[in-house]
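Colleague: Just one file: structure-v4.cif, with mmCIF, C-alpha atoms; chains and numbers go by the auth columns.
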data_structure
#
loop_
_atom_site.group_PDB
_atom_site.id
_atom_site.type_symbol
_atom_site.label_atom_id
_atom_site.label_comp_id
_atom_site.label_asym_id
_atom_site.label_seq_id
_atom_site.Cartn_x
_atom_site.Cartn_y
_atom_site.Cartn_z
_atom_site.B_iso_or_equiv
_atom_site.auth_seq_id
_atom_site.auth_asym_id
ATOM 1 C CA MET A 1 -7.486 63.258 25.781 0.00 13 A
ATOM 2 C CA SER A 2 -5.498 63.254 22.598 0.00 14 A
ATOM 3 C CA SER A 3 -7.352 62.194 19.538 0.00 15 A
ATOM 4 C CA THR A 4 -5.388 60.654 16.722 0.00 16 A
ATOM 5 C CA LEU A 5 -6.952 59.924 13.419 0.00 17 A
ATOM 6 C CA LEU A 6 -7.291 56.248 12.666 0.00 18 A
ATOM 7 C CA PRO A 7 -7.314 55.136 9.063 0.00 19 A
ATOM 8 C CA LYS A 8 -10.769 54.261 7.839 0.00 20 A
ATOM 9 C CA PRO A 9 -11.409 50.541 7.363 0.00 21 A
ATOM 10 C CA GLN A 10 -11.863 49.268 3.854 0.00 22 A
ATOM 11 C CA MET A 11 -15.551 48.551 3.412 0.00 23 A
ATOM 12 C CA ARG A 12 -15.987 48.198 -0.333 0.00 24 A
ATOM 13 C CA GLY A 13 -14.426 45.342 -2.238 0.00 25 A
ATOM 14 C CA LEU A 14 -13.164 43.556 0.876 0.00 26 A
ATOM 15 C CA LEU A 15 -14.840 40.263 0.000 0.00 27 A
ATOM 16 C CA GLY A 16 -13.520 40.341 -3.570 0.00 28 A
ATOM 17 C CA LYS A 17 -9.992 41.113 -2.413 0.00 29 A
ATOM 18 C CA ARG A 18 -10.003 38.304 0.155 0.00 30 A
ATOM 19 C CA LEU A 19 -11.525 35.839 -2.316 0.00 31 A
ATOM 20 C CA ARG A 20 -8.884 36.609 -4.942 0.00 32 A
ATOM 21 C CA PHE A 21 -6.157 35.990 -2.368 0.00 33 A
ATOM 22 C CA HIS A 22 -7.665 32.737 -1.114 0.00 34 A
ATOM 23 C CA ILE A 23 -8.542 31.398 -4.569 0.00 35 A
ATOM 24 C CA VAL A 24 -4.961 31.867 -5.723 0.00 36 A
ATOM 25 C CA GLY A 25 -3.702 30.129 -2.579 0.00 37 A
ATOM 26 C CA ALA A 26 -6.162 27.246 -3.014 0.00 38 A
ATOM 27 C CA LEU A 27 -5.181 26.857 -6.662 0.00 39 A
ATOM 28 C CA ILE A 28 -1.483 26.697 -5.815 0.00 40 A
ATOM 29 C CA ALA A 29 -2.114 24.217 -2.979 0.00 41 A
ATOM 30 C CA SER A 30 -4.281 21.954 -5.143 0.00 42 A
ATOM 31 C CA LEU A 31 -1.812 21.927 -8.042 0.00 43 A
ATOM 32 C CA GLY A 32 1.022 21.180 -5.630 0.00 44 A
ATOM 33 C CA SER A 33 -0.946 18.303 -4.110 0.00 45 A
ATOM 34 C CA ALA A 34 -1.764 16.901 -7.535 0.00 46 A
ATOM 35 C CA VAL A 35 1.878 16.985 -8.625 0.00 47 A
ATOM 36 C CA LEU A 36 3.035 15.388 -5.378 0.00 48 A
ATOM 37 C CA TYR A 37 0.430 12.615 -5.715 0.00 49 A
ATOM 38 C CA LYS A 38 1.302 11.970 -9.353 0.00 50 A
ATOM 39 C CA TYR A 39 5.029 11.642 -8.798 0.00 51 A
ATOM 40 C CA GLY A 40 4.906 10.311 -5.235 0.00 52 A
ATOM 41 C CA VAL A 41 2.158 7.694 -5.605 0.00 53 A
ATOM 42 C CA ALA A 42 0.871 7.144 -9.137 0.00 54 A
ATOM 43 C CA GLU A 43 4.168 6.824 -11.027 0.00 55 A
ATOM 44 C CA PRO A 44 5.770 4.390 -8.523 0.00 56 A
ATOM 45 C CA ARG A 45 2.557 2.344 -8.575 0.00 57 A
ATOM 46 C CA LYS A 46 2.601 2.199 -12.389 0.00 58 A
ATOM 47 C CA ARG A 47 6.239 1.106 -12.327 0.00 59 A
ATOM 48 C CA ALA A 48 5.501 -1.588 -9.731 0.00 60 A
ATOM 49 C CA TYR A 49 2.616 -2.983 -11.799 0.00 61 A
ATOM 50 C CA ALA A 50 4.732 -2.938 -14.967 0.00 62 A
ATOM 51 C CA ASP A 51 7.583 -4.779 -13.224 0.00 63 A
ATOM 52 C CA PHE A 52 5.185 -7.341 -11.755 0.00 64 A
ATOM 53 C CA TYR A 53 3.511 -8.137 -15.058 0.00 65 A
ATOM 54 C CA LYS A 54 6.808 -8.095 -16.962 0.00 66 A
ATOM 55 C CA ASN A 55 8.122 -10.976 -14.827 0.00 67 A
ATOM 56 C CA SER A 56 4.784 -12.692 -14.227 0.00 68 A
ATOM 57 C CA ASP A 57 3.940 -16.148 -15.539 0.00 69 A
ATOM 58 C CA ALA A 58 0.260 -16.957 -15.132 0.00 70 A
ATOM 59 C CA ILE A 59 0.628 -20.601 -16.188 0.00 71 A
ATOM 60 C CA LYS A 60 3.330 -21.225 -13.566 0.00 72 A
ATOM 61 C CA ASP A 61 1.142 -19.608 -10.898 0.00 73 A
ATOM 62 C CA PHE A 62 -1.828 -21.724 -11.970 0.00 74 A
ATOM 63 C CA GLU A 63 0.234 -24.923 -11.793 0.00 75 A
ATOM 64 C CA ALA A 64 1.526 -24.022 -8.319 0.00 76 A
ATOM 65 C CA MET A 65 -1.998 -23.325 -7.052 0.00 77 A
ATOM 66 C CA ARG A 66 -3.288 -26.538 -8.654 0.00 78 A
ATOM 67 C CA GLU A 67 -0.586 -28.583 -6.946 0.00 79 A
ATOM 68 C CA ALA A 68 -1.401 -26.866 -3.635 0.00 80 A
ATOM 69 C CA GLY A 69 -5.046 -27.931 -3.963 0.00 81 A
ATOM 70 C CA VAL A 70 -6.489 -24.436 -4.123 0.00 82 A
ATOM 71 C CA PHE A 71 -8.991 -25.299 -6.873 0.00 83 A
ATOM 72 C CA GLU A 72 -11.936 -27.610 -6.298 0.00 84 A
ATOM 73 C CA SER A 73 -12.699 -28.104 -9.998 0.00 85 A
ATOM 74 C CA VAL A 74 -9.161 -29.062 -11.024 0.00 86 A
ATOM 75 C CA GLN A 75 -7.365 -32.019 -9.504 0.00 87 A
ATOM 76 C CA PRO A 76 -3.606 -31.906 -8.863 0.00 88 A
ATOM 77 C CA LYS A 77 -1.537 -33.675 -11.521 0.00 89 A
ATOM 78 C CA ASN A 78 -0.183 -36.184 -8.968 0.00 90 A
ATOM 79 C CA SER A 79 -3.654 -37.483 -8.034 0.00 91 A
#
Written as C-alpha coordinates, how would this file's structure read?
Modeller:
Amino acid sequence: MSSTLLPKPQMRGLLGKRLRFHIVGALIASLGSAVLYKYGVAEPRKRAYADFYKNSDAIKDFEAMREAGVFESVQPKNS
(Lines of atoms letter the chains of each structure in order from A and count residues from 1; the text may use other names and numbers.)
(Lines give C-alpha, C1' and ligand atoms only; values in the text may rest on other atoms or scores of the structure.)
Protein backbone atom coordinates (compact mmCIF):
# COMPACT_ATOMS: atom_id res chain seq x y z
CA MET A 1 0.00 0.00 0.00
CA SER A 2 1.48 3.29 -1.03
CA SER A 3 1.07 6.08 1.41
CA THR A 4 1.01 9.60 0.09
CA LEU A 5 1.05 12.55 2.37
CA LEU A 6 -2.16 14.52 2.37
CA PRO A 7 -2.03 18.20 3.21
CA LYS A 8 -3.22 18.93 6.71
CA PRO A 9 -6.63 20.60 6.91
CA GLN A 10 -6.77 24.16 8.12
CA MET A 11 -8.14 24.08 11.65
CA ARG A 12 -7.35 27.52 13.02
CA GLY A 13 -9.00 30.62 11.65
CA LEU A 14 -11.36 28.71 9.35
CA LEU A 15 -14.48 30.38 10.72
CA GLY A 16 -12.96 33.86 10.44
CA LYS A 17 -11.81 33.24 6.87
CA ARG A 18 -15.23 31.94 5.79
CA LEU A 19 -17.04 34.79 7.56
CA ARG A 20 -14.88 37.42 5.86
CA PHE A 21 -15.66 35.87 2.48
CA HIS A 22 -19.39 35.62 3.12
CA ILE A 23 -19.71 39.07 4.70
CA VAL A 24 -18.09 40.67 1.67
CA GLY A 25 -20.41 38.72 -0.63
CA ALA A 26 -23.48 39.68 1.42
CA LEU A 27 -22.44 43.33 1.42
CA ILE A 28 -22.01 43.37 -2.36
CA ALA A 29 -25.35 41.59 -2.87
CA SER A 30 -27.22 43.95 -0.55
CA LEU A 31 -25.75 47.09 -2.12
CA GLY A 32 -26.56 45.75 -5.57
CA SER A 33 -30.15 45.03 -4.52
CA ALA A 34 -30.52 48.49 -3.01
CA VAL A 35 -29.25 50.19 -6.18
CA LEU A 36 -31.50 48.07 -8.38
CA TYR A 37 -34.54 48.87 -6.21
CA LYS A 38 -33.76 52.58 -6.14
CA TYR A 39 -33.38 52.96 -9.89
CA GLY A 40 -35.78 50.19 -10.92
CA VAL A 41 -38.70 50.94 -8.58
CA ALA A 42 -38.36 54.08 -6.48
CA GLU A 43 -37.29 56.58 -9.15
CA PRO A 44 -39.96 55.53 -11.70
CA ARG A 45 -42.56 55.68 -8.92
CA LYS A 46 -41.45 59.21 -7.94
CA ARG A 47 -41.64 60.29 -11.58
CA ALA A 48 -45.13 58.78 -11.96
CA TYR A 49 -46.40 60.59 -8.86
CA ALA A 50 -44.85 63.87 -10.01
CA ASP A 51 -46.45 63.55 -13.45
CA PHE A 52 -49.83 62.68 -11.93
CA TYR A 53 -49.88 65.63 -9.56
CA LYS A 54 -48.47 68.01 -12.18
CA ASN A 55 -51.50 67.40 -14.41
CA SER A 56 -54.04 66.81 -11.64
CA ASP A 57 -56.98 69.11 -10.97
CA ALA A 58 -58.70 68.29 -7.70
CA ILE A 59 -61.62 70.67 -8.28
CA LYS A 60 -62.42 69.07 -11.65
CA ASP A 61 -62.30 65.61 -10.06
CA PHE A 62 -64.57 66.76 -7.24
CA GLU A 63 -67.10 68.20 -9.71
CA ALA A 64 -67.09 64.98 -11.75
CA MET A 65 -67.67 62.86 -8.64
CA ARG A 66 -70.40 65.23 -7.43
CA GLU A 67 -72.21 64.99 -10.76
CA ALA A 68 -71.89 61.19 -10.64
CA GLY A 69 -73.59 61.14 -7.23
CA VAL A 70 -70.66 59.70 -5.31
CA PHE A 71 -71.14 62.00 -2.31
CA GLU A 72 -74.12 61.74 0.01
CA SER A 73 -73.56 65.12 1.67
CA VAL A 74 -73.30 67.12 -1.56
CA GLN A 75 -76.09 67.20 -4.10
CA PRO A 76 -75.33 67.34 -7.84
CA LYS A 77 -75.63 70.82 -9.34
CA ASN A 78 -78.45 69.71 -11.68
CA SER A 79 -80.73 68.64 -8.81
Colleague: Rounded to one decimal place, report the CA of Gly28 in chain A-CA of Ala41 in chain A distance in Å.
Modeller: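 These two atoms are separated by 19.8 Å.
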Colleague: Can you work out the spacing between CA of Asp63 in chain A and CA of Leu48 in chain A in Å, to one decimal?
Modeller: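 Taking CA of Asp63 in chain A and CA of Leu48 in chain A, their separation equals 22.1 Å.
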Colleague: Once you add 5 Å to each side, what are the centre and edge lengths of the axis-aligned box holding all listed atoms of range 60-68 of chain A? One decimal in Å, as lines of an AutoDock Vina configuration file, if you can.
Modeller:
center_x = 5.4
center_y = -7.1
center_z = -13.3
size_x = 15.5
size_y = 21.1
size_z = 17.2
Colleague: Set the distance at 12 Å and use all atoms listed in the file: which residues neighbour range 74-79 of chain A once local chain neighbours fewer than 4 positions away are removed? I'd like the list as a PyMOL selection string.
Modeller: chain A and resi 68-70+83-91
